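Source file: structure23.csv; contents: CSV, C-alpha atoms.
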```csv
chain,number,residue,atom,x,y,z
M,1,MET,CA,-38.5,-3.6,19.8
M,2,PRO,CA,-38.6,0.2,19.7
M,3,CYS,CA,-39.0,1.9,16.4
M,4,LEU,CA,-36.4,4.4,15.2
M,5,SER,CA,-37.7,7.8,14.1
M,6,ALA,CA,-36.8,9.2,10.7
M,7,CYS,CA,-34.5,11.6,12.4
M,8,SER,CA,-32.7,8.8,14.2
M,9,LEU,CA,-32.3,6.8,11.0
M,10,ARG,CA,-30.8,9.8,9.2
M,11,HIS,CA,-28.4,10.3,12.1
M,12,LEU,CA,-27.3,6.7,12.0
M,13,LEU,CA,-26.9,6.9,8.2
M,14,MET,CA,-24.7,10.0,8.5
M,15,MET,CA,-22.5,8.3,11.1
M,16,PHE,CA,-22.2,5.3,8.8
M,17,GLU,CA,-21.3,7.4,5.8
M,18,THR,CA,-18.8,9.4,7.8
M,19,ASN,CA,-17.1,6.2,9.0
M,20,MET,CA,-17.0,4.8,5.4
M,21,ASN,CA,-15.8,8.0,3.7
M,22,GLU,CA,-12.9,8.7,6.1
M,23,ASN,CA,-11.0,5.6,5.1
M,24,SER,CA,-12.7,4.7,1.8
M,25,GLY,CA,-10.3,4.1,-1.1
M,26,LEU,CA,-7.4,2.9,1.0
M,27,GLU,CA,-5.9,-0.5,0.0
M,28,GLU,CA,-3.3,-2.9,1.3
M,29,GLY,CA,0.1,-1.7,0.2
M,30,ASP,CA,-0.7,2.0,0.4
M,31,ILE,CA,1.8,4.2,2.1
M,32,ILE,CA,-0.1,6.1,4.8
M,33,ILE,CA,1.6,9.0,6.6
M,34,PRO,CA,-0.3,11.1,9.2
M,35,VAL,CA,0.8,14.7,9.5
M,36,LEU,CA,0.5,15.9,13.1
M,37,GLY,CA,1.4,19.1,15.0
M,38,LEU,CA,0.0,22.1,16.8
M,39,THR,CA,-2.5,24.5,15.2
M,40,GLY,CA,-0.7,26.8,12.8
M,41,ALA,CA,2.4,24.6,12.4
M,42,GLY,CA,1.8,24.3,8.7
M,43,LYS,CA,0.4,20.8,8.4
M,44,SER,CA,-2.1,21.6,5.6
M,45,THR,CA,0.5,23.8,3.9
M,46,PHE,CA,3.0,21.0,3.9
M,47,ILE,CA,0.4,18.7,2.3
M,48,ASN,CA,-0.6,21.2,-0.3
M,49,ILE,CA,3.0,21.7,-1.4
M,50,ALA,CA,3.7,17.9,-1.4
M,51,ILE,CA,0.7,17.1,-3.6
M,52,GLY,CA,1.1,20.2,-5.8
M,53,GLU,CA,-2.5,21.4,-5.3
M,54,PRO,CA,-4.2,23.6,-2.7
M,55,LYS,CA,-6.7,20.9,-1.6
M,56,ALA,CA,-6.1,20.9,2.2
M,57,HIS,CA,-7.7,23.9,4.0
M,58,THR,CA,-5.1,26.2,5.6
M,59,SER,CA,-5.6,28.3,8.7
M,60,GLU,CA,-5.1,32.0,9.1
M,61,GLY,CA,-2.8,32.8,11.9
M,62,ILE,CA,-3.4,30.9,15.2
M,63,LEU,CA,-7.0,30.0,14.5
M,64,SER,CA,-7.7,26.3,13.7
M,65,CYS,CA,-9.0,25.5,10.3
M,66,THR,CA,-8.8,21.6,10.2
M,67,HIS,CA,-11.6,20.1,12.3
M,68,GLU,CA,-11.8,16.6,10.8
M,69,ILE,CA,-9.3,14.1,9.5
M,70,ASP,CA,-8.8,13.8,5.7
M,71,LYS,CA,-6.4,12.1,3.4
M,72,PHE,CA,-4.7,13.4,0.2
M,73,GLN,CA,-2.8,11.3,-2.3
M,74,VAL,CA,0.7,12.4,-3.4
M,75,ALA,CA,-0.1,11.2,-6.9
M,76,SER,CA,3.1,12.6,-8.6
M,77,PHE,CA,5.5,11.1,-6.1
M,78,PRO,CA,7.8,8.5,-7.8
M,79,SER,CA,6.8,5.3,-6.0
M,80,PRO,CA,5.3,1.9,-7.0
M,81,HIS,CA,2.9,2.4,-4.1
M,82,ARG,CA,0.2,5.0,-3.6
M,83,ILE,CA,1.2,7.5,-1.0
M,84,PHE,CA,-1.4,9.3,1.2
M,85,LEU,CA,-0.8,12.2,3.6
M,86,VAL,CA,-3.3,12.5,6.4
M,87,ASP,CA,-4.3,16.0,7.5
M,88,THR,CA,-5.3,16.2,11.2
M,89,PRO,CA,-6.6,18.8,13.7
M,90,GLY,CA,-4.0,20.6,15.7
M,91,PHE,CA,-3.4,19.4,19.3
M,92,ASN,CA,-4.0,22.9,20.7
M,93,HIS,CA,-7.2,23.3,18.6
M,94,THR,CA,-9.1,26.6,18.8
M,95,TYR,CA,-12.5,25.0,19.0
M,96,LEU,CA,-11.9,21.4,20.2
M,97,GLU,CA,-10.8,20.1,23.5
M,98,GLU,CA,-7.4,18.4,23.4
M,99,SER,CA,-9.0,15.1,24.4
M,100,GLU,CA,-11.4,15.4,21.4
M,101,VAL,CA,-8.4,15.9,19.1
M,102,VAL,CA,-6.6,12.8,20.6
M,103,ASP,CA,-9.9,10.8,20.2
M,104,LYS,CA,-10.2,11.8,16.5
M,105,ILE,CA,-6.7,10.8,15.7
M,106,SER,CA,-6.6,7.7,17.8
M,107,ASN,CA,-9.9,6.4,16.4
M,108,TRP,CA,-8.9,7.1,12.8
M,109,LEU,CA,-5.6,5.2,13.3
M,110,LYS,CA,-7.5,2.2,14.8
M,111,ASP,CA,-10.3,2.2,12.2
M,112,VAL,CA,-8.0,2.4,9.2
M,113,HIS,CA,-7.0,-1.3,9.6
M,114,LEU,CA,-3.9,-0.7,7.6
M,115,LYS,CA,-0.3,-0.2,8.7
M,116,ILE,CA,0.9,3.3,9.1
M,117,ALA,CA,4.3,3.9,7.3
M,118,GLY,CA,5.4,6.7,9.6
M,119,ILE,CA,4.4,10.0,11.2
M,120,ILE,CA,5.4,13.5,10.2
M,121,PHE,CA,5.2,16.0,13.1
M,122,LEU,CA,5.5,19.6,12.1
M,123,HIS,CA,6.6,22.5,14.4
M,124,ASP,CA,6.7,26.2,13.5
M,125,ILE,CA,10.2,27.2,14.5
M,126,THR,CA,8.9,30.8,15.2
M,127,GLN,CA,6.5,29.6,18.0
M,128,PRO,CA,8.0,29.6,21.5
M,129,ASP,CA,5.1,27.7,23.1
M,130,TYR,CA,7.2,24.8,24.5
M,131,SER,CA,4.6,23.7,27.0
M,132,SER,CA,2.0,22.8,24.2
M,133,LEU,CA,4.8,21.3,22.2
M,134,ASN,CA,5.8,19.0,25.0
M,135,HIS,CA,2.2,17.9,25.4
M,136,ALA,CA,1.9,17.2,21.6
M,137,ILE,CA,5.3,15.3,21.5
M,138,LEU,CA,4.2,13.1,24.4
M,139,THR,CA,1.0,12.3,22.6
M,140,VAL,CA,2.9,11.3,19.5
M,141,ARG,CA,5.1,9.0,21.6
M,142,MET,CA,2.0,7.5,23.1
M,143,LEU,CA,0.3,6.9,19.7
M,144,SER,CA,3.4,5.4,18.0
M,145,GLY,CA,5.1,3.4,20.7
M,146,SER,CA,8.9,3.1,21.1
M,147,HIS,CA,9.1,0.5,18.3
M,148,SER,CA,7.8,3.0,15.7
M,149,LEU,CA,10.0,6.0,16.6
M,150,ARG,CA,12.5,5.4,13.7
M,151,ASN,CA,9.8,6.6,11.3
M,152,VAL,CA,8.5,9.5,13.4
M,153,VAL,CA,10.0,12.6,11.6
M,154,LEU,CA,10.1,15.7,13.8
M,155,THR,CA,10.1,18.5,11.3
M,156,THR,CA,10.7,22.2,11.9
M,157,ALA,CA,9.1,24.7,9.5
M,158,ASN,CA,8.7,28.4,8.8
M,159,TRP,CA,12.3,29.3,9.1
M,160,SER,CA,12.1,32.2,6.6
M,161,ASN,CA,9.8,34.2,8.9
M,162,SER,CA,12.3,34.7,11.7
M,163,GLU,CA,15.8,36.1,12.1
M,164,SER,CA,18.6,33.5,11.9
M,165,ALA,CA,19.8,34.2,15.4
M,166,VAL,CA,16.4,33.7,16.9
M,167,VAL,CA,15.8,30.5,14.9
M,168,GLU,CA,19.2,29.1,16.0
M,169,LYS,CA,18.4,29.9,19.6
M,170,ARG,CA,15.0,28.2,19.4
M,171,GLN,CA,16.4,25.2,17.6
M,172,LYS,CA,18.9,24.7,20.5
M,173,ARG,CA,16.0,25.2,22.9
M,174,LEU,CA,14.1,22.3,21.2
M,175,ALA,CA,16.9,20.0,22.2
M,176,ASP,CA,15.9,20.6,25.9
M,177,THR,CA,12.3,19.7,25.3
M,178,GLU,CA,10.5,16.4,24.6
M,179,TRP,CA,11.5,17.0,21.0
M,180,GLY,CA,15.1,16.4,21.8
M,181,ASN,CA,14.1,13.5,24.1
M,182,LEU,CA,12.2,11.8,21.3
M,183,ILE,CA,15.1,12.2,18.9
M,184,SER,CA,17.4,10.6,21.5
M,185,GLN,CA,15.1,7.6,21.5
M,186,GLY,CA,15.2,7.1,17.8
M,187,ALA,CA,13.0,9.6,16.1
M,188,LYS,CA,14.4,11.5,13.1
M,189,GLY,CA,14.8,15.3,12.8
M,190,ALA,CA,14.1,17.2,9.6
M,191,HIS,CA,13.7,20.7,8.2
M,192,PHE,CA,11.0,21.7,5.8
M,193,SER,CA,12.0,24.7,3.7
M,194,GLY,CA,8.6,25.2,2.0
M,195,THR,CA,9.4,23.6,-1.3
M,196,GLU,CA,8.1,20.4,-3.0
M,197,ASP,CA,11.6,18.9,-3.1
M,198,SER,CA,11.9,19.5,0.7
M,199,ALA,CA,8.5,17.9,1.3
M,200,TRP,CA,9.3,14.9,-0.9
M,201,ALA,CA,12.7,14.4,0.9
M,202,ILE,CA,10.8,14.1,4.2
M,203,ILE,CA,8.3,11.7,2.7
M,204,GLN,CA,11.1,9.7,1.1
M,205,SER,CA,12.8,9.3,4.5
M,206,ILE,CA,9.7,7.3,5.5
M,207,VAL,CA,8.8,5.6,2.2
M,208,GLN,CA,12.3,4.1,1.8
M,209,GLU,CA,11.7,1.9,4.9
M,210,PRO,CA,8.1,2.0,6.0
M,211,LEU,CA,7.1,0.5,9.3
M,212,ASP,CA,6.3,-3.2,9.1
M,213,GLU,CA,4.1,-3.4,12.2
M,214,PRO,CA,1.2,-1.4,13.6
M,215,LEU,CA,1.5,1.7,15.8
M,216,GLN,CA,1.1,1.1,19.5
M,217,ILE,CA,-2.4,2.7,19.4
M,218,GLN,CA,-3.4,0.2,16.6
M,219,ARG,CA,-2.3,-2.9,18.4
M,220,ASP,CA,-3.1,-2.1,22.0
M,221,ASN,CA,-6.2,-4.2,22.9
M,222,SER,CA,-6.8,-2.2,26.0
M,223,PHE,CA,-8.4,0.5,23.8
M,224,SER,CA,-12.0,0.2,22.7
M,225,ARG,CA,-12.5,0.1,18.9
M,226,SER,CA,-15.7,2.2,19.2
M,227,ARG,CA,-15.7,5.5,17.4
M,228,HIS,CA,-17.1,7.1,20.6
M,229,VAL,CA,-14.3,6.0,22.8
M,230,THR,CA,-13.2,7.8,25.9
M,231,LEU,CA,-9.5,7.8,26.3
M,232,GLY,CA,-9.3,8.4,30.0
M,233,PRO,CA,-6.6,5.9,30.6
M,234,VAL,CA,-4.6,7.3,27.7
M,235,ILE,CA,-4.8,10.8,29.0
M,236,ARG,CA,-3.8,9.8,32.5
M,237,LYS,CA,-0.8,7.9,31.1
M,238,TRP,CA,0.1,11.0,29.0
M,239,ILE,CA,-0.1,13.4,32.0
M,240,SER,CA,1.9,11.0,34.1
M,241,MET,CA,4.6,10.9,31.4
M,242,LEU,CA,4.6,14.7,31.3
M,243,PHE,CA,5.1,15.1,35.0
M,244,HIS,CA,7.8,12.5,35.0
M,245,SER,CA,9.6,14.3,32.2
M,246,TYR,CA,9.4,17.6,34.0
M,247,SER,CA,10.7,16.1,37.2
M,248,GLN,CA,13.7,14.6,35.5
M,249,ARG,CA,14.9,17.8,33.8
M,250,ARG,CA,15.0,21.3,34.9
M,251,ARG,CA,13.6,23.6,32.3
M,252,ARG,CA,15.2,26.8,31.3
M,253,PRO,CA,13.0,30.0,31.0
M,254,LEU,CA,11.2,30.3,27.7
M,255,GLN,CA,13.1,32.4,25.1
```
Starting from the file, lay out its structure as structure tokens.
Amino acid sequence: MPCLSACSLRHLLMMFETNMNENSGLEEGDIIIPVLGLTGAGKSTFINIAIGEPKAHTSEGILSCTHEIDKFQVASFPSPHRIFLVDTPGFNHTYLEESEVVDKISNWLKDVHLKIAGIIFLHDITQPDYSSLNHAILTVRMLSGSHSLRNVVLTTANWSNSESAVVEKRQKRLADTEWGNLISQGAKGAHFSGTEDSAWAIIQSIVQEPLDEPLQIQRDNSFSRSRHVTLGPVIRKWISMLFHSYSQRRRRPLQ
């Protein structure tokens, strides 16, 4: 049997510690809510406002800041259960390939071995990149499955940084994207105004009736449970859904 070098042993130990630390401290009955979205959508900002402390690292402009997945307890939220928000890398990450981001999120969801109460997806209303948005929404649909859409909350943010007429036009434009398509299939729509009350109201919409079964990605046996999984079949399915969606609806020019 070949001997492992000290370097190899240290590497294995680091991998083990990373695996343990990401989900350590979570227990049966905890309310777990991943926060997803594009880079710069305000995921970390939402979490910081919800927990009342600047613990999650926030990005400057369009550069990605969140590289790994981390969880934060909303300790002051009035609930008999512990509530955790999960910060995730943006789907259009500055430094990671999109497949790497999907891998990280998918593997975390599978490795947590606990039910996910729901998903908050944030979108900066001032950003007109509907192509990246469509990709991200389709990924959320793939991860959650149709049975979980009732607790997928599609949330617009950053309204105060744009003129009302522009915001109204872009909100109407969202209805013609995969955003509107997902809402028509059962997802919820929400607006985050940048306050703790607003964040808690969005969390409450999930907490009041958390999902009672795993997300699609958690229960699909076709996906390997290895941390170094390659999601080729998932990406192909995702792209196929995207092309089908585009073929079914004629897109208007970007505003």
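Closest approach to M:Phe84 among M:Gly194, M:Pro34, M:Pro128, M:Pro210: M:Pro34, based on only C-alpha atoms.
When atom CA of M:Asp103 is paired with atom CA of M:Thr155, their separation reads 23.2 Å.
The residue that comes closest to M:Trp159, out of M:Gly37, M:Gly118, M:Gly42, M:Pro54 and on the basis of all atoms listed in the file, is M:Gly42.
With atom CA of M:Asp220 on one side and atom CA of M:Ser44 on the other, the separation reads 28.8 Å.
Atom pair atom CA of M:Phe91 / atom CA of M:Gln171 has a distance of 20.7 Å (rounded to one decimal).
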Point (8.7, 17.4, 23.8) neighbourhood (6 Å, all atoms listed in the file) written as a PDB file with C-alpha atoms, in the frame of the given file:
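See out25.pdb below for the written result:
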```
ATOM      1  CA  LEU M 133       4.800  21.300  22.200  1.00  0.00           C
ATOM      2  CA  ASN M 134       5.800  19.000  25.000  1.00  0.00           C
ATOM      3  CA  ILE M 137       5.300  15.300  21.500  1.00  0.00           C
ATOM      4  CA  THR M 177      12.300  19.700  25.300  1.00  0.00           C
ATOM      5  CA  GLU M 178      10.500  16.400  24.600  1.00  0.00           C
ATOM      6  CA  TRP M 179      11.500  17.000  21.000  1.00  0.00           C
TER       7      TRP M 179
END
```
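Among M:Ser160, M:Ser76, M:Ser131, M:Ser146, the residue with the shortest atom-to-atom distance to M:Gln185, counting only C-alpha atoms, is M:Ser146.
Closest to M:Ile206 among M:Lys71, M:Arg150, M:Arg219, M:Arg170 is M:Arg150, based on only C-alpha atoms.
For the residues M:Ile31, M:Leu211, M:Ile69, M:Val152, ranking by smallest atom-to-atom distance to M:Ile120 using all atoms listed in the file places M:Val152 first.
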Q: Please provide as a list in words all residues within 6 Å of M:His123, with the sequence filter that same-chain residues fewer than 4 positions apart are discarded (counting all atoms listed in the file).
A: Ala41, Thr156 and Ala157 of chain M
**Q.** Near-M:Gly186 list (12 Å; all atoms listed in the file; drop same-chain fewer than 6 positions) as a PyMOL selection string
**A.** chain M and resi 141+144-154+179-180
